[in-house]
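Asker: One structure, as C-alpha cells, below. Some questions next.
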Amino acid sequence: MAGYSVNEVIIVTTNDIPGQRITAVHGEVFGLTVRSRHIGSNIGASFKALAGGELKGITTLLKETRAEALSRLAAEAQEKGGNAVVAFRFETNDYGDTGGVEVCAYGTAVTIEVG
C-alpha cells in the first residue's frame, strides 16, 4: 500500500485505503509547525542563490519540518481515536523577512479495520 506510516497511523493521500474498510470518521486533523533557518543557513543560502544550485540547508530544514508536521498529524489522529488519515495534504507558507517556514499537514482521521 502506498502512503506513510507514522506512529502506527497509516497516512494516505487517497480518500480510501484499498483493501481496508473505514469503520469510523473522526474529523479533520492537523499537524502544524513553524521553523526558522539559523543565521549560517541564511548566509549560505544567499551566496548559493547567486551561484545557482540546490540550497541544501533549506532542503534539510523542509524535510525535518515536514516530518515534524506528519508526526503531529498522526498524534492528533490518535487523540481523536483514529488509526489512519485519509485525504492527506501538505500546505506550506514562507515568512519572507524572518526566514521562517510554516508546514501544515492535514487530512481526515478515520478508523480502519485491522486484520
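By order of appearance in the C-alpha cells: chains A, B, ..., then residues from 1 within every chain, and ligands from 1 in the order shown.
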Quick one: residues within 7 Å of stretch 10-26 of chain A, only C-alpha atoms, excluding same-chain residues fewer than 3 positions away - as a PDB file with N, CA, C and O atoms, in the first residue's frame?
Answerer:
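Contents of around-v7.pdb, as written:
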ATOM      1  N   GLY A   3       1.752   5.124   0.759  1.00  0.00           N
ATOM      2  CA  GLY A   3       1.424   6.060   1.823  1.00  0.00           C
ATOM      3  C   GLY A   3       2.490   6.030   2.885  1.00  0.00           C
ATOM      4  O   GLY A   3       3.540   5.417   2.722  1.00  0.00           O
ATOM      5  N   TYR A   4       2.238   6.710   3.969  1.00  0.00           N
ATOM      6  CA  TYR A   4       3.161   6.788   5.094  1.00  0.00           C
ATOM      7  C   TYR A   4       2.596   5.990   6.252  1.00  0.00           C
ATOM      8  O   TYR A   4       1.396   5.769   6.344  1.00  0.00           O
ATOM      9  N   SER A   5       3.463   5.635   7.163  1.00  0.00           N
ATOM     10  CA  SER A   5       3.031   5.112   8.445  1.00  0.00           C
ATOM     11  C   SER A   5       3.856   5.826   9.497  1.00  0.00           C
ATOM     12  O   SER A   5       5.077   5.733   9.511  1.00  0.00           O
ATOM     13  N   VAL A   6       3.179   6.593  10.340  1.00  0.00           N
ATOM     14  CA  VAL A   6       3.847   7.369  11.383  1.00  0.00           C
ATOM     15  C   VAL A   6       3.185   7.009  12.699  1.00  0.00           C
ATOM     16  O   VAL A   6       1.965   7.124  12.845  1.00  0.00           O
ATOM     17  N   LYS A  80      -7.883  11.544  18.622  1.00  0.00           N
ATOM     18  CA  LYS A  80      -9.300  11.507  18.254  1.00  0.00           C
ATOM     19  C   LYS A  80      -9.828  10.084  18.118  1.00  0.00           C
ATOM     20  O   LYS A  80     -11.000   9.879  17.822  1.00  0.00           O
ATOM     21  N   GLY A  82      -8.444   7.675  15.952  1.00  0.00           N
ATOM     22  CA  GLY A  82      -8.189   7.102  14.636  1.00  0.00           C
ATOM     23  C   GLY A  82      -6.911   6.299  14.572  1.00  0.00           C
ATOM     24  O   GLY A  82      -6.007   6.481  15.377  1.00  0.00           O
ATOM     25  N   ASN A  83      -6.847   5.426  13.580  1.00  0.00           N
ATOM     26  CA  ASN A  83      -5.612   4.690  13.311  1.00  0.00           C
ATOM     27  C   ASN A  83      -5.138   4.912  11.873  1.00  0.00           C
ATOM     28  O   ASN A  83      -4.220   4.255  11.402  1.00  0.00           O
ATOM     29  N   ALA A  84      -5.788   5.876  11.187  1.00  0.00           N
ATOM     30  CA  ALA A  84      -5.392   6.218   9.818  1.00  0.00           C
ATOM     31  C   ALA A  84      -5.851   7.641   9.507  1.00  0.00           C
ATOM     32  O   ALA A  84      -6.723   8.191  10.182  1.00  0.00           O
ATOM     33  N   VAL A  85      -5.211   8.225   8.480  1.00  0.00           N
ATOM     34  CA  VAL A  85      -5.603   9.543   7.970  1.00  0.00           C
ATOM     35  C   VAL A  85      -5.748   9.411   6.466  1.00  0.00           C
ATOM     36  O   VAL A  85      -4.842   8.925   5.784  1.00  0.00           O
ATOM     37  N   VAL A  86      -6.905   9.828   5.952  1.00  0.00           N
ATOM     38  CA  VAL A  86      -7.142   9.822   4.506  1.00  0.00           C
ATOM     39  C   VAL A  86      -7.187  11.272   4.017  1.00  0.00           C
ATOM     40  O   VAL A  86      -7.314  12.203   4.801  1.00  0.00           O
ATOM     41  N   ALA A  87      -7.081  11.432   2.697  1.00  0.00           N
ATOM     42  CA  ALA A  87      -7.114  12.752   2.052  1.00  0.00           C
ATOM     43  C   ALA A  87      -6.033  13.673   2.621  1.00  0.00           C
ATOM     44  O   ALA A  87      -6.235  14.871   2.777  1.00  0.00           O
ATOM     45  N   PHE A  88      -4.865  13.109   2.894  1.00  0.00           N
ATOM     46  CA  PHE A  88      -3.747  13.843   3.467  1.00  0.00           C
ATOM     47  C   PHE A  88      -3.138  14.810   2.453  1.00  0.00           C
ATOM     48  O   PHE A  88      -2.978  14.490   1.286  1.00  0.00           O
ATOM     49  N   ARG A  89      -2.784  16.010   2.919  1.00  0.00           N
ATOM     50  CA  ARG A  89      -2.123  17.028   2.102  1.00  0.00           C
ATOM     51  C   ARG A  89      -1.141  17.817   2.963  1.00  0.00           C
ATOM     52  O   ARG A  89      -1.257  17.863   4.180  1.00  0.00           O
ATOM     53  N   ALA A 109      -9.081  12.088   9.979  1.00  0.00           N
ATOM     54  CA  ALA A 109      -8.791  10.936  10.831  1.00  0.00           C
ATOM     55  C   ALA A 109      -9.920   9.919  10.718  1.00  0.00           C
ATOM     56  O   ALA A 109     -11.096  10.290  10.760  1.00  0.00           O
ATOM     57  N   VAL A 110      -9.546   8.665  10.538  1.00  0.00           N
ATOM     58  CA  VAL A 110     -10.525   7.583  10.427  1.00  0.00           C
ATOM     59  C   VAL A 110     -10.033   6.369  11.224  1.00  0.00           C
ATOM     60  O   VAL A 110      -8.866   6.285  11.582  1.00  0.00           O
ATOM     61  N   THR A 111     -10.945   5.448  11.451  1.00  0.00           N
ATOM     62  CA  THR A 111     -10.582   4.148  11.972  1.00  0.00           C
ATOM     63  C   THR A 111     -10.801   3.140  10.860  1.00  0.00           C
ATOM     64  O   THR A 111     -11.842   3.153  10.205  1.00  0.00           O
ATOM     65  N   ILE A 112      -9.799   2.302  10.641  1.00  0.00           N
ATOM     66  CA  ILE A 112      -9.932   1.229   9.658  1.00  0.00           C
ATOM     67  C   ILE A 112      -9.860  -0.096  10.386  1.00  0.00           C
ATOM     68  O   ILE A 112      -9.263  -0.203  11.473  1.00  0.00           O
ATOM     69  N   GLU A 113     -10.504  -1.091   9.791  1.00  0.00           N
ATOM     70  CA  GLU A 113     -10.414  -2.450  10.346  1.00  0.00           C
ATOM     71  C   GLU A 113      -8.994  -2.937  10.171  1.00  0.00           C
ATOM     72  O   GLU A 113      -8.406  -2.791   9.101  1.00  0.00           O
TER      73      GLU A 113
END
Asker: Restricting the calculation to only C-alpha atoms: of A:Val29, A:Val9, A:Leu62, A:Ala75, which residue gets closest to A:Tyr106?
Answerer: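 Of all the options, A:Val29 lies closest to A:Tyr106.
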Asker: How far is it from atom CA of A:Cys104 to atom CA of A:Glu91, in Å with one decimal?
Answerer: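 Interatomic distance, atom CA of A:Cys104 to atom CA of A:Glu91: 5.1 Å.
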Asker: Can you pull out every residue from stretch 71-111 of chain A that DSSP, working from the backbone, puts in alpha helix (DSSP H), and format the result as number ranges by chain?
Answerer: A: 71-79
Asker: Near stretch 63-74 of chain A, counting only C-alpha atoms, which residues have an atom at most 6 Å away, once you skip same-chain residues fewer than 5 positions from it, shown as number ranges by chain?
Answerer: A: 9, 30-33, 105
Asker: May I have the residues from that selection written out with all heavy atoms, as an mmCIF file, in the first residue's frame?
Answerer:
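Output saved as again.cif:
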data_model
loop_
_atom_site.group_PDB
_atom_site.id
_atom_site.type_symbol
_atom_site.label_atom_id
_atom_site.label_comp_id
_atom_site.auth_asym_id
_atom_site.auth_seq_id
_atom_site.Cartn_x
_atom_site.Cartn_y
_atom_site.Cartn_z
ATOM 1 N N VAL A 9 0.112 5.020 12.574
ATOM 2 C CA VAL A 9 -1.033 5.608 11.891
ATOM 3 C C VAL A 9 -0.730 5.582 10.391
ATOM 4 O O VAL A 9 0.302 6.086 9.953
ATOM 5 C CB VAL A 9 -1.276 7.067 12.357
ATOM 6 C CG1 VAL A 9 -2.373 7.722 11.537
ATOM 7 C CG2 VAL A 9 -1.629 7.094 13.838
ATOM 8 N N PHE A 30 -4.850 18.114 12.046
ATOM 9 C CA PHE A 30 -3.779 18.975 11.548
ATOM 10 C C PHE A 30 -2.481 18.685 12.284
ATOM 11 O O PHE A 30 -2.491 18.317 13.449
ATOM 12 C CB PHE A 30 -4.127 20.458 11.777
ATOM 13 C CG PHE A 30 -5.370 20.891 11.076
ATOM 14 C CD1 PHE A 30 -6.597 20.788 11.694
ATOM 15 C CD2 PHE A 30 -5.315 21.386 9.787
ATOM 16 C CE1 PHE A 30 -7.760 21.182 11.052
ATOM 17 C CE2 PHE A 30 -6.468 21.778 9.129
ATOM 18 C CZ PHE A 30 -7.692 21.678 9.764
ATOM 19 N N GLY A 31 -1.390 18.880 11.586
ATOM 20 C CA GLY A 31 -0.069 18.864 12.186
ATOM 21 C C GLY A 31 0.628 20.118 11.711
ATOM 22 O O GLY A 31 0.927 20.249 10.524
ATOM 23 N N LEU A 32 0.845 21.062 12.594
ATOM 24 C CA LEU A 32 1.378 22.369 12.214
ATOM 25 C C LEU A 32 2.695 22.621 12.907
ATOM 26 O O LEU A 32 2.848 22.340 14.104
ATOM 27 C CB LEU A 32 0.374 23.461 12.603
ATOM 28 C CG LEU A 32 0.778 24.902 12.332
ATOM 29 C CD1 LEU A 32 0.900 25.152 10.834
ATOM 30 C CD2 LEU A 32 -0.226 25.849 12.957
ATOM 31 N N THR A 33 3.653 23.162 12.172
ATOM 32 C CA THR A 33 4.913 23.593 12.764
ATOM 33 C C THR A 33 5.447 24.779 11.966
ATOM 34 O O THR A 33 5.208 24.894 10.768
ATOM 35 C CB THR A 33 5.951 22.450 12.817
ATOM 36 O OG1 THR A 33 7.112 22.901 13.522
ATOM 37 C CG2 THR A 33 6.338 21.957 11.447
ATOM 38 N N ALA A 105 0.326 19.864 7.825
ATOM 39 C CA ALA A 105 -0.141 18.588 7.284
ATOM 40 C C ALA A 105 -1.585 18.447 7.735
ATOM 41 O O ALA A 105 -1.909 18.727 8.892
ATOM 42 C CB ALA A 105 0.704 17.445 7.836
#
Asker: For atom CA of A:Asp94 and atom CA of A:Thr59, determine how far apart the two atoms are, in Å to one decimal place.
Answerer: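 Rounded to one decimal, the two atoms are 13.6 Å apart.
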Asker: Leaving out A:Asn93 and any residue of its chain fewer than 3 positions from it, which residues lie within 8 Å of it when counting only C-alpha atoms, given as a PyMOL selection string?
Answerer: chain A and resi 101-103
Asker: Could you pull out all residues of stretch 66-104 of chain A with a DSSP call of strand (DSSP E) and give them as a ChimeraX atom specification?
Answerer: /A:84-95,100-104
